[in-house]
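Structure file final_18.tsv (TSV, C-alpha atoms) is printed below.
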```
chain	number	residue	atom	x	y	z
A	202	HIS	CA	147.05	109.84	138.39
A	203	LEU	CA	143.87	109.23	136.35
A	204	LEU	CA	145.88	107.40	133.73
A	205	MET	CA	147.88	105.31	136.21
A	206	ASP	CA	145.08	103.95	138.42
A	207	TYR	CA	141.94	102.39	136.93
A	208	ASP	CA	139.98	102.29	140.22
A	209	PHE	CA	140.77	105.95	140.95
A	210	ARG	CA	139.78	106.89	137.39
A	211	MET	CA	136.44	105.10	137.68
A	212	ALA	CA	135.74	106.67	141.10
A	213	CYS	CA	136.34	110.14	139.66
A	214	LEU	CA	134.21	109.42	136.61
A	215	ALA	CA	131.37	108.16	138.82
A	216	GLU	CA	131.06	111.68	140.24
A	217	LEU	CA	130.42	113.21	136.81
A	218	ASP	CA	127.08	114.01	135.26
A	219	PRO	CA	125.86	111.09	133.08
A	220	GLU	CA	125.88	113.32	129.99
A	221	ILE	CA	129.58	113.97	130.50
A	222	MET	CA	130.18	110.26	130.94
A	223	GLU	CA	128.72	109.70	127.47
A	224	LEU	CA	131.25	112.09	125.96
A	225	THR	CA	134.43	110.82	127.58
A	226	LEU	CA	136.55	107.97	126.33
A	227	LEU	CA	138.23	107.55	129.73
A	228	LYS	CA	135.45	105.24	130.91
A	229	ASP	CA	136.49	102.71	128.25
A	230	LEU	CA	140.19	102.86	129.07
A	231	LYS	CA	141.16	99.77	131.05
A	232	GLN	CA	144.93	100.17	130.84
A	233	GLU	CA	146.93	101.54	133.76
A	234	PHE	CA	149.89	103.50	132.42
A	235	SER	CA	153.34	103.38	133.99
A	236	LEU	CA	155.41	106.42	134.91
A	237	TYR	CA	157.48	105.63	131.80
A	238	ASP	CA	154.31	105.76	129.65
A	239	ILE	CA	153.31	109.09	131.21
A	240	ALA	CA	156.78	110.51	130.49
A	241	ILE	CA	156.48	109.51	126.85
A	242	MET	CA	152.95	110.98	126.55
A	243	THR	CA	153.73	114.26	128.29
A	244	ARG	CA	157.38	114.90	127.38
A	245	ALA	CA	158.93	112.86	124.60
A	246	ALA	CA	155.97	112.56	122.22
A	247	PRO	CA	154.99	116.27	122.23
A	248	ALA	CA	158.63	117.31	121.70
A	249	LYS	CA	158.96	114.89	118.80
A	250	LEU	CA	155.64	115.93	117.25
A	251	LEU	CA	156.68	119.59	117.43
A	252	GLY	CA	160.14	118.92	116.01
A	253	LEU	CA	161.94	120.05	119.18
A	254	ASN	CA	164.99	117.82	118.77
A	255	GLY	CA	166.78	119.13	121.87
A	256	ARG	CA	163.89	118.36	124.21
A	257	GLY	CA	161.91	115.36	125.40
A	258	HIS	CA	164.86	112.98	125.77
A	259	LEU	CA	167.96	112.43	127.90
A	260	GLN	CA	170.52	111.85	125.15
A	261	PRO	CA	173.75	113.89	124.88
A	262	GLY	CA	173.05	117.40	123.61
A	263	ALA	CA	169.52	117.57	125.04
A	264	LEU	CA	168.55	120.70	126.96
A	265	ALA	CA	167.90	118.72	130.16
A	266	ASP	CA	164.39	119.73	131.18
A	267	ILE	CA	163.88	117.03	133.79
A	268	ALA	CA	161.36	116.48	136.59
A	269	VAL	CA	162.20	113.77	139.13
A	270	TYR	CA	159.44	112.36	141.32
A	271	ARG	CA	159.79	110.22	144.43
A	272	GLU	CA	157.74	107.05	143.88
A	273	GLN	CA	154.66	106.99	146.12
A	274	ASP	CA	151.50	104.93	146.28
A	275	ASP	CA	149.53	108.20	146.25
A	276	LYS	CA	150.23	109.26	142.66
A	277	ALA	CA	148.37	112.57	143.02
A	278	ALA	CA	150.64	113.55	145.91
A	279	MET	CA	153.66	112.36	143.96
A	280	PHE	CA	152.86	114.59	140.97
A	281	ARG	CA	151.98	117.61	143.12
A	282	LYS	CA	155.55	118.01	144.31
A	283	ALA	CA	158.54	117.04	142.19
A	284	GLN	CA	161.66	116.28	144.20
A	285	TRP	CA	164.06	117.76	141.67
A	286	VAL	CA	163.47	119.86	138.57
A	287	PHE	CA	166.11	120.84	136.05
A	288	LYS	CA	165.43	123.54	133.46
A	289	ASN	CA	167.96	123.72	130.61
A	290	GLY	CA	170.31	121.69	132.80
A	291	GLN	CA	170.08	124.00	135.82
A	292	LEU	CA	168.69	122.72	139.13
A	293	ILE	CA	165.70	124.91	140.00
A	294	ILE	CA	163.80	122.72	142.51
A	295	GLU	CA	165.42	120.54	145.13
A	296	LYS	CA	163.41	118.39	147.54
A	297	GLY	CA	160.26	120.15	146.36
A	298	GLU	CA	161.50	123.70	147.06
A	299	PHE	CA	162.73	126.39	144.65
A	300	VAL	CA	166.48	126.89	144.88
A	301	HIS	CA	166.97	128.94	141.73
A	302	ARG	CA	164.60	130.80	139.45
A	303	GLN	CA	165.59	130.36	135.85
A	304	PHE	CA	163.93	132.19	133.03
A	305	GLY	CA	163.71	130.40	129.74
A	306	GLN	CA	162.29	131.52	126.48
A	307	THR	CA	158.92	131.54	124.85
A	308	MET	CA	158.88	129.19	121.90
A	309	THR	CA	156.59	129.09	118.92
A	310	VAL	CA	156.41	126.33	116.35
A	311	LYS	CA	154.60	125.99	113.07
A	312	PRO	CA	154.01	122.28	112.61
A	313	HIS	CA	152.79	121.17	109.22
A	314	PHE	CA	149.29	119.77	109.07
A	315	ASP	CA	146.88	118.77	106.37
A	316	ARG	CA	144.28	121.56	106.00
A	317	GLN	CA	141.72	118.95	104.86
A	318	ILE	CA	141.45	117.76	108.47
A	319	GLU	CA	140.09	121.11	109.69
A	320	SER	CA	136.43	120.16	109.11
A	321	THR	CA	136.93	116.88	111.01
A	322	VAL	CA	138.56	118.70	113.92
A	323	LYS	CA	135.80	121.36	113.89
A	324	ASP	CA	133.12	118.66	114.00
A	325	TYR	CA	134.92	117.03	116.96
A	326	PHE	CA	135.12	120.37	118.81
A	327	ASP	CA	131.46	121.11	118.13
A	328	ARG	CA	130.51	117.74	119.60
A	329	PHE	CA	132.82	117.52	122.64
A	330	TYR	CA	133.79	121.07	123.64
A	331	SER	CA	131.79	123.99	124.99
A	332	MET	CA	134.08	126.48	123.23
A	333	LYS	CA	134.44	126.78	119.49
A	334	LEU	CA	137.60	125.76	117.67
A	335	SER	CA	138.08	129.37	116.56
A	336	ASN	CA	138.74	130.33	120.21
A	337	TYR	CA	141.99	128.38	120.13
A	338	GLY	CA	143.61	130.08	117.15
A	339	VAL	CA	146.49	132.52	117.46
A	340	GLN	CA	146.66	135.30	114.93
A	341	GLU	CA	149.98	135.53	113.06
A	342	ASP	CA	150.33	139.26	113.75
A	343	LEU	CA	150.30	138.59	117.51
A	344	LEU	CA	153.33	136.33	117.11
A	345	ALA	CA	155.33	138.78	115.01
A	346	ASP	CA	156.47	140.87	117.99
A	347	GLN	CA	156.19	137.97	120.45
A	348	PRO	CA	159.58	138.42	122.21
A	349	GLN	CA	158.69	141.99	123.19
A	350	ARG	CA	155.02	141.39	123.99
A	351	PHE	CA	155.55	138.32	126.16
A	352	ALA	CA	158.97	138.95	127.69
A	353	ALA	CA	157.42	139.09	131.18
A	354	ILE	CA	156.01	135.56	131.05
A	355	LYS	CA	159.06	133.59	130.10
A	356	CYS	CA	159.03	130.03	131.35
```

Write out the structure in this file as structure tokens.
Amino acid sequence: HLLMDYDFRMACLAELDPEIMELTLLKDLKQEFSLYDIAIMTRAAPAKLLGLNGRGHLQPGALADIAVYREQDDKAAMFRKAQWVFKNGQLIIEKGEFVHRQFGQTMTVKPHFDRQIESTVKDYFDRFYSMKLSNYGVQEDLLADQPQRFAAIKC
């Protein structure tokens, strides 16, 4: 909703502490994004960046993770309750209510990145975040037995 409605975004930002306002780039964003733009930003682009070829699109062979929203003027209300949700092609929410619980799988990816950017990212975190970048790392040994350790939290 913040990205789709400039006036709403500015009203929310006006409630923030002035120091926070200095740190956010949202105050400078004039564009109002469409539902199509939001779908690209939150579904298609992350899937592509992570190399998940079967996700983030609706082409034949895709795994059909789809959320369908009923268009409303109140975008926050619209996003709070999807009308239909498909997970791996199976209908799990219909008219906003669960009709089938489907367990998926926990996925891990190892995207390539240039290690030279780590100092730039660390500097950014030190400036804009209250937690340190090191808090976000996942140790390799925790992923080694991941299917057994995290079987209970499949999504």

Please identify every residue of range 289-350 of chain A that has at least one atom no farther than 12 Å from an atom of range 205-229 of chain A, counting only C-alpha atoms, and for each give the shortest atom pair and the distance in Å to one decimal, arranged by chain then increasing number, as a tab-separated table.
```
residue	atom	partner	partner_atom	distance
A:Tyr325	CA	A:Leu224	CA	10.9
A:Phe326	CA	A:Leu224	CA	11.6
A:Asp327	CA	A:Leu224	CA	11.9
A:Arg328	CA	A:Leu224	CA	8.5
A:Phe329	CA	A:Leu224	CA	6.6
A:Tyr330	CA	A:Leu224	CA	9.6
A:Ser331	CA	A:Ile221	CA	11.6
```

Measuring atom to atom with all atoms listed in the file, identify which of A:Leu204, A:Met279, A:Ile267, A:Val310 is nearest to Leu250 in chain A. A:Val310

Between A:Asp275, A:Gln284, A:Leu203, A:Ala263, which has the minimum distance to Gln232 in chain A (counting all atoms listed in the file)?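 Looking only at the distances to Gln232 in chain A, the closest residue turns out to be A:Leu203.
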
Quick one: 8 Å padding each side, axis-aligned, all listed atoms of range 203-212 of chain A - centre and edge lengths in Å to one decimal, as JSON?
```
{"center_x": 141.8, "center_y": 105.8, "center_z": 137.4, "size_x": 28.1, "size_y": 22.9, "size_z": 23.4}
```

Between CA of Leu236 in chain A and CA of Pro261 in chain A, measure the distance and give it in Å to one decimal.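 Those two atoms sit 22.2 Å apart.
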
Can you measure CA of His301 in chain A to CA of Ala245 in chain A for me? One decimal in Å is fine. 24.8 Å

Which residues are close to range 285-300 of chain A, i.e. within 6 Å by only C-alpha atoms, leaving aside same-chain residues fewer than 6 positions away? Reply as a ChimeraX atom specification. /A:264-269

So what do you get for CA of Ile318 in chain A versus CA of Ile241 in chain A, distance-wise? 25.1 Å
